[in-house]
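> One file is attached below, input_4.csv, containing CSV, C-alpha atoms.
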chain,number,residue,atom,x,y,z
F,1101,MET,CA,30.1,26.3,-76.5
F,1102,PRO,CA,27.8,24.0,-78.3
F,1103,TYR,CA,24.4,25.1,-79.4
F,1104,GLU,CA,21.5,23.8,-77.3
F,1105,HIS,CA,18.4,25.1,-79.2
F,1106,ILE,CA,18.5,25.8,-83.0
F,1107,LEU,CA,15.6,27.6,-84.6
F,1108,VAL,CA,15.3,27.0,-88.4
F,1109,ALA,CA,13.4,29.6,-90.4
F,1110,VAL,CA,11.9,27.8,-93.3
F,1111,ASP,CA,10.1,29.1,-96.4
F,1112,LEU,CA,8.4,25.7,-97.0
F,1113,THR,CA,9.8,25.3,-100.5
F,1114,GLU,CA,12.1,22.5,-101.6
F,1115,GLU,CA,15.0,25.0,-101.0
F,1116,CYS,CA,14.5,24.6,-97.2
F,1117,ASP,CA,15.8,21.0,-97.2
F,1118,PRO,CA,19.6,22.0,-97.2
F,1119,VAL,CA,18.8,24.5,-94.4
F,1120,ILE,CA,17.1,21.9,-92.2
F,1121,LYS,CA,19.8,19.3,-93.0
F,1122,ARG,CA,22.6,21.7,-92.0
F,1123,ALA,CA,20.8,22.5,-88.7
F,1124,MET,CA,20.3,18.8,-88.0
F,1125,LYS,CA,23.9,18.1,-88.7
F,1126,LEU,CA,24.9,20.9,-86.2
F,1127,ALA,CA,22.5,19.6,-83.6
F,1128,GLU,CA,23.5,15.9,-83.9
F,1129,PRO,CA,26.8,15.8,-81.9
F,1130,THR,CA,25.4,17.6,-78.9
F,1131,GLY,CA,21.7,16.6,-79.0
F,1132,ALA,CA,20.6,20.2,-79.5
F,1133,LYS,CA,16.9,20.7,-79.9
F,1134,VAL,CA,15.9,21.8,-83.5
F,1135,SER,CA,12.7,23.8,-84.0
F,1136,LEU,CA,11.2,25.0,-87.2
F,1137,VAL,CA,9.4,28.3,-87.8
F,1138,HIS,CA,7.5,29.6,-90.8
F,1139,ILE,CA,6.0,33.1,-90.8
F,1140,VAL,CA,3.0,33.8,-93.0
F,1141,GLU,CA,3.1,37.5,-93.8
F,1142,PRO,CA,-0.3,39.2,-93.7
F,1143,MET,CA,-1.4,39.8,-97.2
F,1144,ALA,CA,-2.2,43.5,-96.4
F,1145,MET,CA,1.5,44.0,-95.8
F,1146,ALA,CA,2.4,42.7,-99.2
F,1147,PHE,CA,0.0,45.3,-100.7
F,1148,GLY,CA,1.3,48.1,-98.6
F,1149,GLY,CA,-1.6,48.0,-96.1
F,1150,ASP,CA,-4.3,49.6,-98.3
F,1151,VAL,CA,-6.4,46.8,-99.7
F,1152,PRO,CA,-10.0,47.6,-100.9
F,1153,MET,CA,-11.2,44.0,-100.2
F,1154,ASP,CA,-11.4,41.5,-97.4
F,1155,LEU,CA,-8.4,39.1,-97.7
F,1156,SER,CA,-9.3,37.0,-94.7
F,1157,GLN,CA,-10.4,34.0,-96.7
F,1158,LEU,CA,-7.3,34.1,-98.9
F,1159,GLN,CA,-5.2,34.6,-95.9
F,1160,GLN,CA,-6.7,31.5,-94.2
F,1161,GLN,CA,-6.1,29.5,-97.4
F,1162,GLN,CA,-2.5,30.6,-97.4
F,1163,PHE,CA,-2.2,29.6,-93.7
F,1164,ASP,CA,-3.8,26.2,-94.3
F,1165,GLN,CA,-1.4,25.5,-97.2
F,1166,ALA,CA,1.5,26.5,-95.0
F,1167,LYS,CA,0.3,24.1,-92.3
F,1168,GLU,CA,0.1,21.2,-94.9
F,1169,ARG,CA,3.6,21.9,-96.1
F,1170,MET,CA,4.9,22.1,-92.5
F,1171,ASP,CA,3.2,18.7,-91.9
F,1172,ARG,CA,5.1,17.3,-94.9
F,1173,LEU,CA,8.4,18.5,-93.4
F,1174,PHE,CA,7.6,16.8,-90.1
F,1175,ASN,CA,7.0,13.5,-92.0
F,1176,LYS,CA,10.2,14.0,-93.8
F,1177,TYR,CA,12.2,14.9,-90.7
F,1178,PRO,CA,10.7,12.8,-87.9
F,1179,ASP,CA,13.5,13.9,-85.4
F,1180,ILE,CA,12.0,17.4,-85.3
F,1181,ASN,CA,9.4,17.8,-82.6
F,1182,ARG,CA,6.1,19.4,-83.9
F,1183,GLY,CA,5.5,20.8,-80.4
F,1184,ASP,CA,8.7,22.9,-80.6
F,1185,SER,CA,7.9,24.3,-84.0
F,1186,HIS,CA,5.9,27.3,-84.9
F,1187,LEU,CA,3.6,28.5,-87.7
F,1188,THR,CA,2.4,32.1,-87.2
F,1189,TYR,CA,1.3,35.3,-88.9
F,1190,GLY,CA,3.4,38.4,-88.8
F,1191,GLN,CA,6.5,40.2,-90.0
F,1192,PRO,CA,9.3,37.5,-90.4
F,1193,ARG,CA,12.1,39.5,-88.7
F,1194,GLN,CA,10.1,40.5,-85.6
F,1195,GLU,CA,8.5,37.1,-85.2
F,1196,ILE,CA,11.7,35.1,-85.6
F,1197,HIS,CA,13.6,37.4,-83.2
F,1198,GLN,CA,10.8,37.2,-80.6
F,1199,LEU,CA,10.5,33.4,-80.9
F,1200,ALA,CA,14.3,33.0,-80.6
F,1201,LYS,CA,14.1,35.1,-77.3
F,1202,ASP,CA,11.0,33.4,-75.9
F,1203,GLN,CA,12.4,29.9,-76.7
F,1204,ASN,CA,15.9,30.6,-75.5
F,1205,CYS,CA,17.4,29.7,-78.9
F,1206,ASP,CA,21.1,30.2,-79.3
F,1207,LEU,CA,21.2,29.8,-83.1
F,1208,ILE,CA,18.9,30.8,-85.9
F,1209,VAL,CA,19.5,29.1,-89.2
F,1210,VAL,CA,18.2,30.7,-92.4
F,1211,GLY,CA,18.6,30.0,-96.2
F,1212,SER,CA,20.6,32.5,-98.2
F,1213,HIS,CA,20.8,33.1,-102.0
F,1214,GLY,CA,24.2,34.0,-103.3
F,1215,ARG,CA,23.3,37.3,-105.2
F,1216,HIS,CA,25.1,40.6,-105.4
F,1217,GLY,CA,25.0,43.4,-102.9
F,1218,LEU,CA,24.6,43.1,-99.2
F,1219,ALA,CA,20.8,42.9,-99.0
F,1220,LEU,CA,20.7,40.6,-102.0
F,1221,LEU,CA,23.7,38.6,-100.7
F,1222,LEU,CA,21.6,37.1,-98.0
F,1223,GLY,CA,18.1,37.6,-99.4
F,1224,SER,CA,15.7,40.0,-97.8
F,1225,THR,CA,14.4,37.8,-95.0
F,1226,ALA,CA,17.8,36.4,-94.1
F,1227,ASN,CA,19.3,39.9,-94.1
F,1228,ASP,CA,16.4,41.1,-91.9
F,1229,VAL,CA,16.9,38.2,-89.5
F,1230,LEU,CA,20.6,38.9,-89.2
F,1231,HIS,CA,20.2,42.5,-88.0
F,1232,GLY,CA,19.2,42.7,-84.4
F,1233,ALA,CA,19.0,38.9,-83.8
F,1234,PRO,CA,19.2,37.9,-80.1
F,1235,CYS,CA,21.6,35.1,-80.9
F,1236,ASP,CA,24.0,33.7,-83.6
F,1237,VAL,CA,22.6,33.5,-87.1
F,1238,LEU,CA,23.8,31.0,-89.7
F,1239,ALA,CA,23.0,31.7,-93.3
F,1240,VAL,CA,23.1,28.5,-95.3
F,1241,ARG,CA,23.9,29.2,-99.0
F,1242,LEU,CA,21.3,27.9,-101.3
F,1243,MET,CA,22.4,26.9,-104.8
F,1244,LYS,CA,20.5,28.5,-107.6
F,1245,THR,CA,18.4,26.0,-109.5
F,1246,SER,CA,17.7,26.8,-113.2
What would the structure in this file look like if it were written as structure tokens?


Amino acid sequence: MPYEHILVAVDLTEECDPVIKRAMKLAEPTGAKVSLVHIVEPMAMAFGGDVPMDLSQLQQQQFDQAKERMDRLFNKYPDINRGDSHLTYGQPRQEIHQLAKDQNCDLIVVGSHGRHGLALLLGSTANDVLHGAPCDVLAVRLMKTS
């Protein structure tokens, strides 16, 4: 069965271009909807939760930068509808899985680095998304740039 709604998890770096292009190519023959998602992880999570300072201003700057980068992607890929795409705070695996369920997505597309070992094979976020996903997951191999 063809996919109807493809959710593309992007990290907002140049590396996400091949991931978006692969999703668009999959969507093209059937006219499937393509949505982007980027999850901004709370800074406290990165520091293990115990942070002796207020990170709200830094967190807001991080979110604003992500919004600017997301806007650049929409300019670069005008076929992707802003209204169907999402920029949110949270833990990537949980947020992506929940969004895929809520939006009735039948495919999640993520970027993957070809490293060694199962967790490294996909990269930590791609590996997390794969486990417990509510739909199919496509890991697009990203070439290492040196």

> My list of candidates is F:Pro1142, F:Pro1178, F:Pro1192, F:Gly1211. Which is closest to Val1229 in chain F when distances are computed with all atoms listed in the file?

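Among the listed residues, the smallest separation from Val1229 in chain F belongs to F:Pro1192.
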
> So which residues touch Met1124 in chain F within 10 Å, counting only C-alpha atoms, skipping near sequence neighbours fewer than 6 positions away, as number ranges by chain?

F: 1106, 1108, 1118, 1131-1135, 1177, 1179-1180

> Pick the closest to Asp1202 in chain F from F:Leu1173, F:Leu1230, F:Cys1235, F:Ala1123: which is it, counting only C-alpha atoms?

F:Cys1235

> Could you name the residues that touch Thr1113 in chain F at 12 Å or less, counting all atoms listed in the file, but leaving out those on the same chain fewer than 5 positions away, as an mmCIF file with C-alpha atoms, in the coordinates of the input?


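Final file, selection_31.cif:
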data_model
loop_
_atom_site.group_PDB
_atom_site.id
_atom_site.type_symbol
_atom_site.label_atom_id
_atom_site.label_comp_id
_atom_site.auth_asym_id
_atom_site.auth_seq_id
_atom_site.Cartn_x
_atom_site.Cartn_y
_atom_site.Cartn_z
ATOM 1 C CA PRO F 1118 19.600 22.000 -97.200
ATOM 2 C CA VAL F 1119 18.800 24.500 -94.400
ATOM 3 C CA ILE F 1120 17.100 21.900 -92.200
ATOM 4 C CA HIS F 1138 7.500 29.600 -90.800
ATOM 5 C CA GLN F 1165 -1.400 25.500 -97.200
ATOM 6 C CA ALA F 1166 1.500 26.500 -95.000
ATOM 7 C CA GLU F 1168 0.100 21.200 -94.900
ATOM 8 C CA ARG F 1169 3.600 21.900 -96.100
ATOM 9 C CA MET F 1170 4.900 22.100 -92.500
ATOM 10 C CA ARG F 1172 5.100 17.300 -94.900
ATOM 11 C CA LEU F 1173 8.400 18.500 -93.400
ATOM 12 C CA GLY F 1211 18.600 30.000 -96.200
ATOM 13 C CA LEU F 1242 21.300 27.900 -101.300
#

> Quick one: residues within 12 Å of Gln1162 in chain F, all atoms listed in the file, excluding same-chain residues fewer than 5 positions away - as a PyMOL selection string?

chain F and resi 1112+1139-1143+1155-1157+1167-1169+1187-1189

> Using all atoms listed in the file, can you tell me which of F:Ser1212, F:Asn1227, F:Gln1194, F:Asn1181 comes closest to Leu1136 in chain F?

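Counting all atoms listed in the file, the residue closest to Leu1136 in chain F is F:Asn1181.
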
> From the list F:Leu1126, F:Val1137, F:Met1243, F:Ala1233, which residue is nearest Glu1114 in chain F when using all atoms listed in the file?

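That would be F:Met1243, the residue with the smallest distance to Glu1114 in chain F.
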
> What gap, in Å, lies between CA of Ala1239 in chain F and CA of Gly1190 in chain F?

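About the pair CA of Ala1239 in chain F and CA of Gly1190 in chain F: they are 21.2 Å apart.
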
> Taking all atoms listed in the file into account, name the residue in F:Ala1226, F:Val1210, F:Met1101, F:Leu1107 that is nearest to Val1240 in chain F.

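Comparing F:Ala1226, F:Val1210, F:Met1101, F:Leu1107 against Val1240 in chain F, the winner is F:Val1210.
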
> Is it possible to dump range 1109-1134 of chain F as a JSON list (two decimals), in the first residue's frame, including just N, CA and C atoms?


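Writing the result to result.json gives the following:
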[["chain", "number", "residue", "atom", "x", "y", "z"],
["F", 1109, "ALA", "N", 11.63, 13.61, 10.25],
["F", 1109, "ALA", "CA", 12.30, 14.16, 11.41],
["F", 1109, "ALA", "C", 13.60, 14.81, 10.94],
["F", 1110, "VAL", "N", 13.72, 16.12, 11.16],
["F", 1110, "VAL", "CA", 14.89, 16.85, 10.68],
["F", 1110, "VAL", "C", 15.69, 17.42, 11.84],
["F", 1111, "ASP", "N", 17.02, 17.47, 11.64],
["F", 1111, "ASP", "CA", 17.89, 18.05, 12.67],
["F", 1111, "ASP", "C", 18.26, 19.49, 12.34],
["F", 1112, "LEU", "N", 17.77, 19.99, 11.21],
["F", 1112, "LEU", "CA", 17.96, 21.38, 10.77],
["F", 1112, "LEU", "C", 19.40, 21.71, 10.40],
["F", 1113, "THR", "N", 20.20, 20.69, 10.08],
["F", 1113, "THR", "CA", 21.53, 20.92, 9.53],
["F", 1113, "THR", "C", 21.45, 20.66, 8.03],
["F", 1114, "GLU", "N", 22.56, 20.88, 7.34],
["F", 1114, "GLU", "CA", 22.60, 20.59, 5.90],
["F", 1114, "GLU", "C", 22.37, 19.11, 5.63],
["F", 1115, "GLU", "N", 22.67, 18.28, 6.63],
["F", 1115, "GLU", "CA", 22.51, 16.84, 6.46],
["F", 1115, "GLU", "C", 21.06, 16.42, 6.28],
["F", 1116, "CYS", "N", 20.11, 17.27, 6.62],
["F", 1116, "CYS", "CA", 18.72, 16.85, 6.51],
["F", 1116, "CYS", "C", 18.21, 16.93, 5.07],
["F", 1117, "ASP", "N", 18.94, 17.58, 4.16],
["F", 1117, "ASP", "CA", 18.50, 17.68, 2.77],
["F", 1117, "ASP", "C", 18.26, 16.31, 2.12],
["F", 1118, "PRO", "N", 19.20, 15.35, 2.20],
["F", 1118, "PRO", "CA", 18.92, 14.06, 1.57],
["F", 1118, "PRO", "C", 17.73, 13.33, 2.20],
["F", 1119, "VAL", "N", 17.48, 13.59, 3.47],
["F", 1119, "VAL", "CA", 16.36, 12.95, 4.16],
["F", 1119, "VAL", "C", 15.04, 13.51, 3.60],
["F", 1120, "ILE", "N", 14.98, 14.83, 3.47],
["F", 1120, "ILE", "CA", 13.78, 15.47, 2.92],
["F", 1120, "ILE", "C", 13.58, 15.06, 1.46],
["F", 1121, "LYS", "N", 14.66, 15.06, 0.70],
["F", 1121, "LYS", "CA", 14.55, 14.69, -0.72],
["F", 1121, "LYS", "C", 14.04, 13.26, -0.89],
["F", 1122, "ARG", "N", 14.51, 12.35, -0.06],
["F", 1122, "ARG", "CA", 14.05, 10.95, -0.14],
["F", 1122, "ARG", "C", 12.56, 10.87, 0.18],
["F", 1123, "ALA", "N", 12.12, 11.58, 1.20],
["F", 1123, "ALA", "CA", 10.70, 11.58, 1.56],
["F", 1123, "ALA", "C", 9.85, 12.16, 0.43],
["F", 1124, "MET", "N", 10.32, 13.25, -0.17],
["F", 1124, "MET", "CA", 9.57, 13.88, -1.27],
["F", 1124, "MET", "C", 9.47, 12.94, -2.47],
["F", 1125, "LYS", "N", 10.56, 12.22, -2.72],
["F", 1125, "LYS", "CA", 10.56, 11.28, -3.85],
["F", 1125, "LYS", "C", 9.57, 10.14, -3.59],
["F", 1126, "LEU", "N", 9.49, 9.68, -2.34],
["F", 1126, "LEU", "CA", 8.52, 8.64, -1.99],
["F", 1126, "LEU", "C", 7.08, 9.15, -2.11],
["F", 1127, "ALA", "N", 6.87, 10.40, -1.75],
["F", 1127, "ALA", "CA", 5.53, 10.98, -1.74],
["F", 1127, "ALA", "C", 5.02, 11.32, -3.14],
["F", 1128, "GLU", "N", 5.94, 11.64, -4.03],
["F", 1128, "GLU", "CA", 5.57, 12.18, -5.35],
["F", 1128, "GLU", "C", 4.59, 11.31, -6.15],
["F", 1129, "PRO", "N", 4.86, 10.00, -6.32],
["F", 1129, "PRO", "CA", 3.96, 9.21, -7.18],
["F", 1129, "PRO", "C", 2.52, 9.13, -6.68],
["F", 1130, "THR", "N", 2.32, 9.17, -5.38],
["F", 1130, "THR", "CA", 0.97, 8.99, -4.83],
["F", 1130, "THR", "C", 0.36, 10.28, -4.30],
["F", 1131, "GLY", "N", 1.16, 11.34, -4.26],
["F", 1131, "GLY", "CA", 0.66, 12.60, -3.71],
["F", 1131, "GLY", "C", 0.55, 12.58, -2.19],
["F", 1132, "ALA", "N", 1.34, 11.74, -1.55],
["F", 1132, "ALA", "CA", 1.32, 11.66, -0.08],
["F", 1132, "ALA", "C", 1.70, 13.01, 0.51],
["F", 1133, "LYS", "N", 1.13, 13.30, 1.67],
["F", 1133, "LYS", "CA", 1.46, 14.53, 2.39],
["F", 1133, "LYS", "C", 2.80, 14.32, 3.08],
["F", 1134, "VAL", "N", 3.65, 15.37, 3.05],
["F", 1134, "VAL", "CA", 4.94, 15.34, 3.73],
["F", 1134, "VAL", "C", 4.94, 16.42, 4.80]]
